[in-house]
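J.: This one is structure_4.cif, mmCIF, C-alpha atoms.
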data_input
#
loop_
_atom_site.label_atom_id
_atom_site.label_comp_id
_atom_site.auth_asym_id
_atom_site.auth_seq_id
_atom_site.Cartn_x
_atom_site.Cartn_y
_atom_site.Cartn_z
CA MET A 157 -59.61 77.97 7.42
CA THR A 158 -57.47 80.44 9.38
CA GLN A 159 -57.52 80.65 13.15
CA ASN A 160 -58.41 84.33 12.88
CA ALA A 161 -61.59 83.46 10.99
CA ILE A 162 -62.58 80.94 13.68
CA THR A 163 -61.85 83.46 16.44
CA ASP A 164 -63.92 86.10 14.67
CA ALA A 165 -66.76 83.59 14.35
CA PHE A 166 -66.61 82.91 18.10
CA PHE A 167 -66.91 86.62 18.80
CA THR A 168 -69.80 86.87 16.37
CA LEU A 169 -71.62 84.18 18.34
CA HIS A 170 -71.08 86.11 21.58
CA HIS A 171 -71.77 89.68 20.50
CA GLY A 172 -74.88 91.08 22.15
CA LEU A 173 -75.14 88.29 24.71
CA PRO A 174 -75.49 89.39 28.34
CA ARG A 175 -72.65 87.13 29.56
CA GLN A 176 -69.46 85.62 28.23
CA GLY A 177 -69.31 82.89 30.88
CA PRO A 178 -71.42 81.29 33.62
CA GLY A 179 -72.67 83.84 36.11
CA SER A 180 -75.58 85.88 37.40
CA ASP A 181 -76.29 89.15 39.14
CA ALA A 182 -77.15 87.13 42.25
CA THR A 183 -73.70 85.52 42.29
CA THR A 184 -72.02 88.87 41.70
CA ARG A 185 -73.88 90.26 44.70
CA LYS A 186 -72.90 87.29 46.89
CA LEU A 187 -69.25 87.75 45.99
CA LEU A 188 -69.47 91.49 46.60
CA ALA A 189 -70.99 90.85 50.03
CA LEU A 190 -68.17 88.45 50.91
CA ALA A 191 -65.64 91.12 49.97
CA GLY A 192 -66.91 93.08 52.95
CA GLU A 193 -66.56 96.77 53.62
CA LEU A 194 -65.03 98.86 50.84
CA PRO A 195 -63.93 102.49 50.79
CA THR A 196 -66.36 105.17 49.71
CA ARG A 197 -66.32 105.19 45.92
CA PRO A 198 -63.92 102.23 45.69
CA ARG A 199 -61.53 101.89 42.78
CA VAL A 200 -62.42 98.65 40.99
CA LEU A 201 -60.53 96.90 38.20
CA ASP A 202 -62.79 94.55 36.21
CA LEU A 203 -60.57 92.25 34.16
CA GLY A 204 -61.90 90.44 31.11
CA CYS A 205 -65.03 92.50 31.52
CA GLY A 206 -66.70 91.48 28.24
CA PRO A 207 -69.84 93.57 27.67
CA GLY A 208 -69.66 94.61 31.32
CA ARG A 209 -72.57 93.08 33.20
CA SER A 210 -70.52 92.93 36.42
CA ALA A 211 -68.91 96.33 35.84
CA LEU A 212 -72.32 97.99 35.61
CA LEU A 213 -73.55 96.28 38.77
CA LEU A 214 -70.42 97.24 40.70
CA ALA A 215 -70.71 100.85 39.61
CA THR A 216 -74.40 100.97 40.51
CA GLU A 217 -74.53 99.01 43.76
CA ALA A 218 -71.04 99.53 45.21
CA GLY A 219 -70.72 103.13 44.05
CA ALA A 220 -67.47 102.12 42.41
CA GLU A 221 -65.24 103.84 39.90
CA VAL A 222 -64.73 100.90 37.55
CA THR A 223 -61.85 100.46 35.14
CA ALA A 224 -63.11 97.78 32.78
CA VAL A 225 -60.42 95.94 30.79
CA ASP A 226 -60.83 93.66 27.78
CA LEU A 227 -58.89 92.93 24.60
CA HIS A 228 -61.97 92.82 22.36
CA GLU A 229 -62.91 96.38 21.43
CA PRO A 230 -66.51 95.57 20.36
CA PHE A 231 -67.26 94.36 23.91
CA LEU A 232 -65.91 97.62 25.28
CA THR A 233 -68.06 99.54 22.80
CA GLU A 234 -71.12 97.66 24.08
CA LEU A 235 -70.17 98.49 27.66
CA ARG A 236 -69.66 102.19 26.98
CA ALA A 237 -73.08 102.40 25.34
CA ALA A 238 -74.74 100.57 28.25
CA ALA A 239 -72.97 102.76 30.82
CA ASP A 240 -74.02 105.95 29.03
CA ALA A 241 -77.61 104.73 28.78
CA ARG A 242 -77.68 104.20 32.56
CA GLY A 243 -76.01 107.49 33.40
CA LEU A 244 -72.82 105.74 34.45
CA GLY A 245 -70.50 107.21 31.85
CA ASP A 246 -68.45 108.97 34.54
CA TRP A 247 -68.23 105.82 36.67
CA VAL A 248 -67.14 103.22 34.12
CA ARG A 249 -63.94 103.67 32.10
CA THR A 250 -63.09 101.12 29.43
CA VAL A 251 -59.53 100.16 28.57
CA ARG A 252 -58.33 97.84 25.82
CA ALA A 253 -55.43 95.96 27.41
CA ASP A 254 -54.02 92.52 28.13
CA MET A 255 -54.92 91.41 31.66
CA GLY A 256 -51.51 89.79 31.94
CA GLU A 257 -49.67 93.05 31.16
CA LEU A 258 -51.52 95.80 33.00
CA PRO A 259 -50.12 99.35 32.88
CA TYR A 260 -51.07 100.41 36.40
CA PRO A 261 -48.87 101.33 39.39
CA ASP A 262 -48.79 99.23 42.53
CA GLY A 263 -51.67 99.79 44.93
CA SER A 264 -53.99 101.30 42.32
CA PHE A 265 -57.21 99.45 43.18
CA ASP A 266 -59.34 98.60 46.19
CA LEU A 267 -61.01 95.67 44.45
CA ILE A 268 -59.96 93.54 41.50
CA TRP A 269 -62.77 91.60 39.83
CA ALA A 270 -62.51 88.76 37.31
CA GLU A 271 -65.61 86.70 36.56
CA SER A 272 -65.20 83.87 34.02
CA SER A 273 -61.98 85.37 32.67
CA VAL A 274 -59.03 84.17 34.74
CA TYR A 275 -58.64 81.09 32.49
CA SER A 276 -57.05 83.27 29.83
CA ILE A 277 -53.85 83.62 31.86
CA GLY A 278 -54.35 80.91 34.50
CA PHE A 279 -55.34 81.03 38.16
CA ASP A 280 -51.79 80.99 39.55
CA THR A 281 -50.49 83.62 37.15
CA ALA A 282 -53.44 85.88 37.90
CA LEU A 283 -52.93 85.66 41.66
CA ASP A 284 -49.24 86.40 41.33
CA THR A 285 -49.53 89.15 38.70
CA TRP A 286 -52.45 91.10 40.15
CA ARG A 287 -51.50 91.18 43.81
CA ARG A 288 -49.22 94.21 43.44
CA LEU A 289 -52.16 96.25 42.12
CA LEU A 290 -54.14 95.98 45.35
CA ALA A 291 -54.16 98.89 47.76
CA PRO A 292 -53.78 98.15 51.49
CA GLY A 293 -56.87 96.24 52.57
CA GLY A 294 -57.72 95.47 48.94
CA LYS A 295 -59.64 92.36 47.81
CA LEU A 296 -59.39 90.10 44.78
CA VAL A 297 -62.49 88.30 43.47
CA VAL A 298 -62.08 85.63 40.81
CA THR A 299 -64.26 82.81 39.53
CA GLU A 300 -62.61 79.60 38.40
CA CYS A 301 -63.84 76.40 36.81
CA GLU A 302 -62.83 73.38 38.92
CA TRP A 303 -63.61 69.74 39.55
CA THR A 304 -66.52 69.04 41.88
CA THR A 305 -65.73 65.35 42.14
CA ALA A 306 -62.62 63.54 43.29
CA ASP A 307 -62.85 61.11 40.37
CA PRO A 308 -63.87 62.83 37.12
CA SER A 309 -64.74 60.64 34.18
CA GLY A 310 -62.29 60.05 31.37
CA ALA A 311 -64.45 62.02 28.94
CA ALA A 312 -64.65 65.08 31.19
CA ARG A 313 -60.94 64.98 31.99
CA ALA A 314 -59.97 64.59 28.33
CA PHE A 315 -62.16 67.57 27.38
CA TRP A 316 -60.77 69.89 30.04
CA ASP A 317 -57.17 68.74 29.71
CA GLN A 318 -57.37 69.85 26.10
CA HIS A 319 -58.79 73.28 26.86
CA TYR A 320 -57.92 74.26 30.44
CA PRO A 321 -56.78 71.62 32.94
CA LEU A 322 -58.96 71.83 36.04
CA ARG A 323 -58.01 71.45 39.69
CA THR A 324 -59.98 70.58 42.78
CA PRO A 325 -61.26 73.21 45.22
CA GLU A 326 -58.62 72.05 47.70
CA GLU A 327 -55.87 72.53 45.12
CA ASN A 328 -57.10 76.01 44.26
CA THR A 329 -57.35 76.92 47.94
CA ARG A 330 -53.79 75.71 48.52
CA ALA A 331 -52.64 77.74 45.51
CA ALA A 332 -54.25 80.89 46.92
CA LEU A 333 -52.65 80.33 50.32
CA ALA A 334 -49.27 79.64 48.74
CA ALA A 335 -49.57 82.88 46.77
CA GLY A 336 -49.93 84.78 50.04
CA TYR A 337 -53.68 85.31 50.18
CA ALA A 338 -56.28 84.71 52.82
CA VAL A 339 -59.47 83.13 51.51
CA LEU A 340 -62.26 85.32 52.86
CA GLY A 341 -64.95 83.12 51.35
CA THR A 342 -66.07 81.05 48.41
CA VAL A 343 -69.29 80.77 46.43
CA SER A 344 -70.23 77.66 44.44
CA GLN A 345 -72.11 78.90 41.41
CA PRO A 346 -75.48 77.22 40.89
CA GLU A 347 -76.61 75.47 37.73
CA SER A 348 -78.76 78.49 36.90
CA ASP A 349 -75.54 80.48 36.35
CA TRP A 350 -74.66 78.09 33.52
CA ASP A 351 -78.18 78.41 32.11
CA GLU A 352 -77.83 82.20 31.97
CA TYR A 353 -74.80 81.72 29.74
CA TYR A 354 -75.60 78.63 27.68
CA GLY A 355 -79.28 79.45 27.12
CA PRO A 356 -78.67 82.61 25.04
CA LEU A 357 -75.51 81.14 23.50
CA GLY A 358 -77.32 77.98 22.39
CA ALA A 359 -80.10 80.03 20.83
CA ARG A 360 -77.55 82.17 19.01
CA ALA A 361 -75.79 79.05 17.72
CA ASP A 362 -79.05 77.63 16.39
CA ALA A 363 -79.66 80.85 14.43
CA ALA A 364 -76.11 81.26 13.11
CA ASP A 365 -75.13 80.87 9.44
CA PRO A 366 -72.83 77.81 9.34
CA GLY A 367 -71.53 78.93 5.97
CA ALA A 368 -69.91 82.10 7.29
CA PRO A 369 -66.08 82.00 7.47
CA GLY A 370 -64.96 80.00 10.49
CA MET A 371 -68.50 79.54 11.76
CA ALA A 372 -68.76 75.78 11.25
CA GLU A 373 -65.73 75.23 13.47
CA ALA A 374 -66.96 77.73 16.05
CA LEU A 375 -70.37 76.09 16.15
CA ALA A 376 -68.89 72.61 16.55
CA ALA A 377 -66.73 73.74 19.48
CA THR A 378 -69.60 75.62 21.12
CA ARG A 379 -72.00 72.67 20.83
CA ALA A 380 -69.35 70.29 22.18
CA GLU A 381 -68.89 72.55 25.19
CA ILE A 382 -72.62 72.73 25.86
CA ALA A 383 -72.95 68.96 25.44
CA MET A 384 -70.09 68.40 27.91
CA ARG A 385 -71.94 70.46 30.49
CA ARG A 386 -75.20 68.66 29.83
CA GLU A 387 -73.67 65.18 30.10
CA HIS A 388 -70.99 65.73 32.77
CA GLY A 389 -72.13 68.85 34.63
CA ALA A 390 -72.05 67.07 37.99
CA GLU A 391 -68.27 66.70 37.66
CA PHE A 392 -67.21 70.34 37.28
CA GLY A 393 -68.45 73.80 38.10
CA TYR A 394 -67.52 77.39 38.67
CA ALA A 395 -66.64 78.74 42.10
CA GLY A 396 -65.95 82.30 43.18
CA TYR A 397 -62.98 83.02 45.44
CA VAL A 398 -62.82 86.17 47.54
CA LEU A 399 -59.19 86.77 48.50
CA SER A 400 -57.08 89.35 50.26
CA PRO A 401 -53.33 89.54 50.76
CA ALA A 402 -52.86 87.62 53.99
CA GLY A 403 -53.00 89.96 56.95
CA GLY A 404 -53.51 93.03 54.81
CA GLY A 405 -49.75 93.21 54.28
CA TRP A 406 -48.45 90.91 57.03
CA ARG A 407 -46.47 87.97 55.74
CA THR A 408 -47.77 84.72 57.22
CA ARG A 409 -46.23 81.30 56.79
CA PRO A 410 -46.01 77.90 58.46
CA GLU A 411 -43.37 77.62 61.15
CA ALA A 412 -40.17 76.22 59.63
CA ALA A 413 -38.62 73.04 61.02
CA SER A 414 -35.63 74.88 62.44
CA GLY A 415 -34.23 75.81 65.80
CA ALA A 416 -34.38 79.50 64.90
CA ASP A 417 -38.11 79.39 64.22
CA ARG A 418 -38.76 77.44 67.41
CA ALA A 419 -36.81 80.04 69.36
CA ALA A 420 -38.74 82.86 67.69
CA VAL A 421 -42.09 81.23 68.47
CA ARG A 422 -41.09 80.76 72.09
CA ALA A 423 -39.90 84.38 72.33
CA VAL A 424 -43.25 85.64 71.03
CA ASN A 425 -45.23 83.51 73.52
CA VAL A 426 -42.99 84.49 76.44
CA ALA A 427 -43.37 88.19 75.60
CA ALA A 428 -47.13 88.01 74.99
CA PHE A 429 -48.22 86.43 78.30
CA PRO A 430 -47.55 87.15 81.99
CA THR A 431 -45.85 83.76 82.54
CA GLU A 432 -44.01 81.24 80.40
CA GLY A 433 -46.92 78.80 80.64
CA GLU A 434 -48.09 79.22 77.05
CA ALA A 435 -44.55 78.96 75.70
CA ASP A 436 -44.09 75.73 77.68
CA LEU A 437 -47.43 74.49 76.33
CA VAL A 438 -46.26 74.97 72.74
CA ASP A 439 -43.05 73.08 73.47
CA ALA A 440 -44.97 70.21 75.07
CA LEU A 441 -47.45 69.99 72.20
CA ARG A 442 -44.55 69.92 69.75
CA GLU A 443 -43.35 66.70 71.40
CA ASP A 444 -46.81 65.06 71.35
CA ALA A 445 -47.08 63.10 68.10
CA GLY A 446 -50.80 62.60 68.61
CA ALA A 447 -51.46 66.32 68.96
CA TRP A 448 -48.93 68.12 66.74
CA ILE A 449 -49.86 68.58 63.08
CA ASP A 450 -47.10 69.69 60.73
CA GLY A 451 -48.13 72.81 58.84
CA LEU A 452 -50.61 74.12 61.44
CA SER A 453 -48.18 76.22 63.48
CA PHE A 454 -48.14 79.62 61.76
CA VAL A 455 -46.18 82.82 62.26
CA ALA A 456 -46.64 86.38 61.05
CA GLU A 457 -43.65 88.50 60.11
CA ALA A 458 -43.02 92.22 59.96
CA PRO A 459 -40.17 93.97 58.15
CA ARG A 460 -36.98 94.33 60.18
CA GLY A 461 -35.90 97.72 61.42
CA ASP A 462 -39.27 99.42 61.79
CA GLY A 463 -38.43 100.92 65.16
CA SER A 464 -41.02 98.96 67.09
CA GLY A 465 -38.61 97.61 69.66
CA VAL A 466 -38.97 93.99 68.62
CA PRO A 467 -36.69 91.75 70.71
CA ALA A 468 -33.54 90.42 69.12
CA GLY A 469 -33.69 86.77 68.16
CA THR A 470 -37.11 86.90 66.53
CA GLU A 471 -35.86 87.19 62.95
CA GLY A 472 -37.49 84.92 60.37
CA ALA A 473 -35.77 81.60 59.92
CA ASP A 474 -36.38 81.27 56.21
CA GLY A 475 -33.96 83.95 55.06
CA SER A 476 -36.65 86.58 54.52
CA GLY A 477 -35.24 88.87 57.19
CA GLY A 478 -38.75 89.36 58.57
CA GLU A 479 -39.28 89.52 62.32
CA VAL A 480 -41.64 86.94 63.80
CA VAL A 481 -44.21 89.02 65.65
CA ALA A 482 -47.19 86.69 66.04
CA HIS A 483 -47.89 82.98 66.36
CA ALA A 484 -51.01 80.80 66.17
CA LEU A 485 -51.11 77.07 66.80
CA ILE A 486 -53.70 74.43 65.93
CA THR A 487 -53.36 70.92 67.32
CA ARG A 488 -55.43 67.75 67.38
CA CYS A 489 -58.19 67.23 69.92
CA HIS A 490 -61.29 65.02 69.92
CA VAL A 491 -65.01 65.41 70.53
CA ASP A 492 -66.32 62.13 71.93
CA GLY A 493 -63.61 60.32 70.01
CA VAL A 494 -64.12 62.17 66.71
CA PRO A 495 -61.01 64.08 65.51
CA ALA A 496 -61.26 67.86 65.74
CA LEU A 497 -58.83 70.75 66.14
CA CYS A 498 -58.12 73.23 68.92
CA LEU A 499 -56.73 76.71 68.37
CA ALA A 500 -54.33 77.65 71.19
CA PRO A 501 -52.30 79.56 71.96
CA VAL A 502 -52.44 82.73 69.88
CA ALA A 503 -49.66 85.17 70.77
CA VAL A 504 -48.58 88.60 69.52
CA LEU A 505 -45.58 90.63 70.62
CA PRO A 506 -46.80 93.56 72.75
CA ALA A 507 -45.41 96.11 70.29
CA TYR A 508 -47.60 94.60 67.54
CA GLN A 509 -50.84 94.02 69.41
CA LYS A 510 -53.85 95.77 67.87
CA THR A 511 -52.04 96.06 64.52
CA GLY A 512 -53.77 93.17 62.71
CA ALA A 513 -50.85 90.76 63.08
CA GLY A 514 -52.87 88.46 65.34
CA SER A 515 -55.85 88.37 63.00
CA ALA A 516 -53.52 87.71 60.09
CA VAL A 517 -51.88 84.67 61.65
CA VAL A 518 -55.21 83.25 62.89
CA ARG A 519 -56.78 83.56 59.45
CA ALA A 520 -53.74 81.95 57.87
CA VAL A 521 -53.72 78.90 60.14
CA LEU A 522 -57.50 78.46 59.79
CA HIS A 523 -57.22 78.55 56.01
CA ALA A 524 -54.43 75.98 56.18
CA ALA A 525 -56.68 73.73 58.26
CA ARG A 526 -59.48 74.16 55.75
CA ALA A 527 -57.17 73.31 52.88
CA ARG A 528 -56.23 70.08 54.67
CA GLY A 529 -59.88 69.05 54.66
CA GLU A 530 -60.37 69.45 58.41
CA GLN A 531 -63.90 69.90 59.71
CA LEU A 532 -64.05 71.51 63.13
CA VAL A 533 -61.92 73.98 65.11
CA LEU A 534 -62.53 74.79 68.79
CA VAL A 535 -61.21 77.72 70.78
CA LEU A 536 -61.52 78.88 74.36
CA GLY A 537 -61.10 82.60 74.12
CA HIS A 538 -62.50 86.09 74.27
CA PRO A 539 -66.06 86.22 72.86
CA ASP A 540 -65.44 89.71 71.47
CA TYR A 541 -62.44 88.59 69.40
CA TYR A 542 -62.95 85.18 67.85
CA PRO A 543 -66.40 85.67 66.25
CA ARG A 544 -64.69 87.80 63.58
CA PHE A 545 -63.25 84.54 62.22
CA GLY A 546 -66.63 82.79 62.21
CA PHE A 547 -66.53 81.18 65.66
CA THR A 548 -69.85 80.75 67.48
CA PRO A 549 -70.74 79.18 70.86
CA ALA A 550 -69.84 75.49 70.80
CA SER A 551 -72.88 74.66 72.88
CA ALA A 552 -75.06 75.23 69.82
CA TYR A 553 -73.52 72.04 68.41
CA GLY A 554 -73.78 70.13 71.66
CA ILE A 555 -70.03 70.49 72.24
CA ARG A 556 -68.74 71.19 75.75
CA PRO A 557 -65.43 71.08 77.63
CA SER A 558 -64.84 68.81 80.60
CA PHE A 559 -64.47 71.81 82.92
CA GLU A 560 -66.57 74.85 83.75
CA VAL A 561 -66.20 77.88 81.47
CA PRO A 562 -68.58 80.67 80.43
CA ASP A 563 -70.72 79.40 77.58
CA GLU A 564 -69.83 82.30 75.29
CA ALA A 565 -66.08 81.68 75.74
CA MET A 566 -66.10 78.11 74.39
CA MET A 567 -66.49 78.51 70.64
CA ALA A 568 -66.54 76.36 67.52
CA LEU A 569 -65.89 76.98 63.83
CA VAL A 570 -67.22 74.50 61.28
CA LEU A 571 -64.94 74.70 58.27
CA ASP A 572 -66.39 74.79 54.76
CA ARG A 573 -64.23 71.96 53.50
CA PRO A 574 -63.02 72.13 49.86
CA GLY A 575 -64.81 69.61 47.68
CA THR A 576 -67.77 69.03 50.01
CA ASP A 577 -71.33 70.27 49.99
CA GLY A 578 -71.13 71.45 53.60
CA GLY A 579 -73.32 68.58 54.77
CA VAL A 580 -70.73 66.71 56.84
CA PRO A 581 -72.16 66.03 60.34
CA VAL A 582 -70.58 67.97 63.20
CA PRO A 583 -69.70 65.78 66.20
CA SER A 584 -71.22 66.55 69.58
CA GLY A 585 -70.08 65.65 73.06
CA THR A 586 -67.18 66.39 75.40
CA ILE A 587 -63.87 67.82 74.23
CA ALA A 588 -60.77 65.76 74.98
CA TYR A 589 -57.70 68.02 74.84
CA PRO A 590 -54.10 66.82 74.42
CA ALA A 591 -52.45 65.95 77.73
CA ALA A 592 -50.24 69.03 77.60
CA PHE A 593 -53.25 71.23 78.35
CA GLY A 594 -53.62 69.54 81.72
CA VAL A 595 -57.43 69.38 81.63
#
Could you take the file, read its structure, and then write that structure out as structure tokens?
T.:
Amino acid sequence: MTQNAITDAFFTLHHGLPRQGPGSDATTRKLLALAGELPTRPRVLDLGCGPGRSALLLATEAGAEVTAVDLHEPFLTELRAAADARGLGDWVRTVRADMGELPYPDGSFDLIWAESSVYSIGFDTALDTWRRLLAPGGKLVVTECEWTTADPSGAARAFWDQHYPLRTPEENTRAALAAGYAVLGTVSQPESDWDEYYGPLGARADAADPGAPGMAEALAATRAEIAMRREHGAEFGYAGYVLSPAGGGWRTRPEAASGADRAAVRAVNVAAFPTEGEADLVDALREDAGAWIDGLSFVAEAPRGDGSGVPAGTEGADGSGGEVVAHALITRCHVDGVPALCLAPVAVLPAYQKTGAGSAVVRAVLHAARARGEQLVLVLGHPDYYPRFGFTPASAYGIRPSFEVPDEAMMALVLDRPGTDGGVPVPSGTIAYPAAFGV
């Protein structure tokens, strides 16, 4: 039996089904909401669109011009017919192309969408290959199958290692950060999303002719996949990742262990504040082994020579030639003895304030903390600024500082830790800051 016959049999099983992978309209809407504000009539690229359930929803509910890409022409034919039937023929354009070799110029799309399709080229390749296609402020939404347990069974691991080796949520988050993205949010897909896929597929398999060319092999593989989900479904699942290039174009990275980077960080803090107090605080925290956490001091860089008047000596230390224009630091604190994190200071060169550099570096360091599996971040800051990152009054959790501050200025962010169900208790009590803070 040829591989082509088996592949054709697989497609025969899937033709006419509403979905080609786990998903639902409800999940699509959640992911779209996490993507946030989009331009009027956004340009959307739906990759591995299949028969186009998501493409149709995006065109209808986001008012999007959707370019829907798939290699299987019959799926595209189904999508064109469905779009025409709904009066969306001018809003949905189908293209037969390989999602790994896309013929579009840089910055062509406001939103790139890939539900249940990224496996065909791999999560890392997709993040690297598709980033150039995003316009400034663009978002990337992908769903990926991943482990939901730290210790998958031998049977589940053997199955997935053969087809598509899975990673943990933490590993996928780290991969997104390493690829230069901020993680705007994630959605764990419910079991009902699998039912929407496997229910119709199982019924189709039961009605299929096993004597057709390649069909016996296709049926065996399909039933093995469904059985794996039924018997080991608690060990793996799909999650949606909503990503954007970190800082909307700013390059963010951990501070390098070099004198040049230390000097650049100090220069930014000296320039950003009226006194050198914050710069001295950073230096003192750096020497406190109980407070400093490697990898949670982040900088944002801008291209050199942009005429902004950036001080000399702030060039990136990693050979990129970028100028360090913003810095954010997270260090260890405690809440009644329970480890937590404090965000301070956050500094931006005056020439780059109100440009997004500060938000970029804050998001980057918070995502790094989340990827480490940290639980709680505290900040004493402006109540009009930090809520954009998810901070809320710490008093709601019973958390308070040891000194008097306005309630709305002391804020907390509970991190959605990779690999957890969000049910980890949040400590309450009094904040104990590192000694360098002097409180």
J.: My list of candidates is A:Pro410, A:Gly396, A:Gly537, A:Gly245. Which is closest to Leu187 in chain A when distances are computed with all atoms listed in the file?
T.: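 So, comparing all the options, the nearest one is A:Gly396.
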J.: Identify, on the basis of all atoms listed in the file, every residue whose closest approach to range 202-219 of chain A does not exceed 6 Å; exclude the query and any residue fewer than 2 positions from it along the same chain; express the result as a JSON list (two decimals) with C-alpha atoms, keeping the file's coordinate frame.
T.:
[["chain", "number", "residue", "atom", "x", "y", "z"],
["A", 197, "ARG", "CA", -66.32, 105.19, 45.92],
["A", 224, "ALA", "CA", -63.11, 97.78, 32.78],
["A", 225, "VAL", "CA", -60.42, 95.94, 30.79],
["A", 226, "ASP", "CA", -60.83, 93.66, 27.78],
["A", 231, "PHE", "CA", -67.26, 94.36, 23.91],
["A", 234, "GLU", "CA", -71.12, 97.66, 24.08],
["A", 235, "LEU", "CA", -70.17, 98.49, 27.66],
["A", 269, "TRP", "CA", -62.77, 91.60, 39.83],
["A", 270, "ALA", "CA", -62.51, 88.76, 37.31],
["A", 273, "SER", "CA", -61.98, 85.37, 32.67]]
J.: Can you list, as a PyMOL selection string, every protein, DNA or RNA residue that comes within 9 Å of Gly451 in chain A when you count all atoms listed in the file, leaving out same-chain residues fewer than 5 positions away?
T.: chain A and resi 409-412+521+524-525
J.: Please build the interface table for range 336-422 of chain A against range 302-318 of chain A with a cut-off of 6 Å, listing for each qualifying residue the nearest atom pair and the distance in Å to one decimal; count all atoms listed in the file, order rows by chain and increasing number, and write it as JSON lines.
T.:
{"residue": "A:Glu391", "atom": "CA", "partner": "A:Thr304", "partner_atom": "CA", "distance": 5.1}
{"residue": "A:Phe392", "atom": "CA", "partner": "A:Trp303", "partner_atom": "CA", "distance": 4.3}
{"residue": "A:Gly393", "atom": "CA", "partner": "A:Glu302", "partner_atom": "CA", "distance": 5.7}
J.: Using the chain letters and numbering of this document, enumerate as a ChimeraX atom specification the residues selected by the PyMOL selection byres ((chain A and resi 567) around 12).
T.: /A:497-499,532-557,561-566,568-570,587
J.: Take CA of Ala496 in chain A and CA of Glu530 in chain A and report the distance between them in Å, one decimal.
T.: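 About the pair CA of Ala496 in chain A and CA of Glu530 in chain A: they are 7.6 Å apart.
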J.: Pick out the closest residue to Thr408 in chain A from this set: A:Val481, A:Ala361, A:Ala165, A:Leu190. Count all atoms listed in the file.
T.: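 Between A:Val481, A:Ala361, A:Ala165, A:Leu190, the residue approaching Thr408 in chain A most closely is A:Val481.
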J.: Which residue, A:Arg252, A:Ala191, A:Thr329, A:Pro178, has the smallest gap to Arg385 in chain A when you use only C-alpha atoms?
T.: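 Among A:Arg252, A:Ala191, A:Thr329, A:Pro178, it is A:Pro178 that comes nearest to Arg385 in chain A.
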J.: Rank A:Tyr354, A:Asp417, A:Val200, A:Ala363 by their smallest atom-to-atom distance to Arg386 in chain A, using all atoms listed in the file, and report the top residue only.
T.: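 The answer is A:Tyr354, which sits nearest to Arg386 in chain A.
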J.: So the first atom is CA of Leu169 in chain A and the second is CA of Ser276 in chain A; what is the distance between them in Å, to one decimal place?
T.: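 Atom-to-atom, CA of Leu169 in chain A to CA of Ser276 in chain A, that is 18.6 Å.
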J.: Nearest residue to Phe166 in chain A out of A:Ser453, A:Thr487, A:Thr378, A:Ser515, using only C-alpha atoms?
T.: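 Once distances to Phe166 in chain A are computed over only C-alpha atoms, the minimum belongs to A:Thr378.
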J.: Find the residue from A:Glu300, A:Glu432, A:Asp240, A:Asp362 that sits nearest to Leu375 in chain A; use all atoms listed in the file when measuring.
T.: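 Going through A:Glu300, A:Glu432, A:Asp240, A:Asp362 one by one, the smallest distance to Leu375 in chain A is for A:Asp362.
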J.: Expressed in Å to a single decimal, how great is the separation between CA of Met384 in chain A and CA of Pro366 in chain A?
T.: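 Separation of CA of Met384 in chain A and CA of Pro366 in chain A: 21.0 Å.
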J.: For Trp350 in chain A, please output as a list in words all residues within 12 Å (counting only C-alpha atoms; exclusion window: fewer than 4 positions along the same chain).
T.: Arg175, Gln176, Gly177, Pro178, Gly179, Ser180, Thr183, Ser272, Cys301, Ser344, Gln345, Pro346, Tyr354, Gly355, Pro356, Leu357, Gly358, Glu381, Ile382, Arg385, Arg386, Gly389, Phe392, Gly393, Tyr394 and Ala395 of chain A
J.: Show me the residues around (-57.3, 72.6, 45.4) - criterion: an atom at most 10 Å away, only C-alpha atoms counted - as an MDAnalysis selection string.
T.: chainID A and resid 302:303 322:332 527:528 574:575
J.: Kindly resolve the PyMOL selection byres ((chain A and resi 449) around 10) on the present coordinates and return the residues as an MDAnalysis selection string.
T.: chainID A and resid 441:442 444:448 450:453 485:488 497 525
J.: Let me have the centre and edge lengths in Å, one decimal, of the box along x, y and z around every listed atom of range 409-415 of chain A with 6 Å of margin on each side, as AutoDock Vina command-line options.
T.:
--center_x -40.2 --center_y 77.2 --center_z 61.3 --size_x 24.0 --size_y 20.3 --size_z 21.0
J.: Expand the PyMOL selection byres ((chain A and resi 338) around 12) into the individual residues it matches in the shown file, reporting them as number ranges by chain.
T.: A: 191, 283, 293-297, 329-337, 339-342, 397-409, 515-524, 526-527, 545
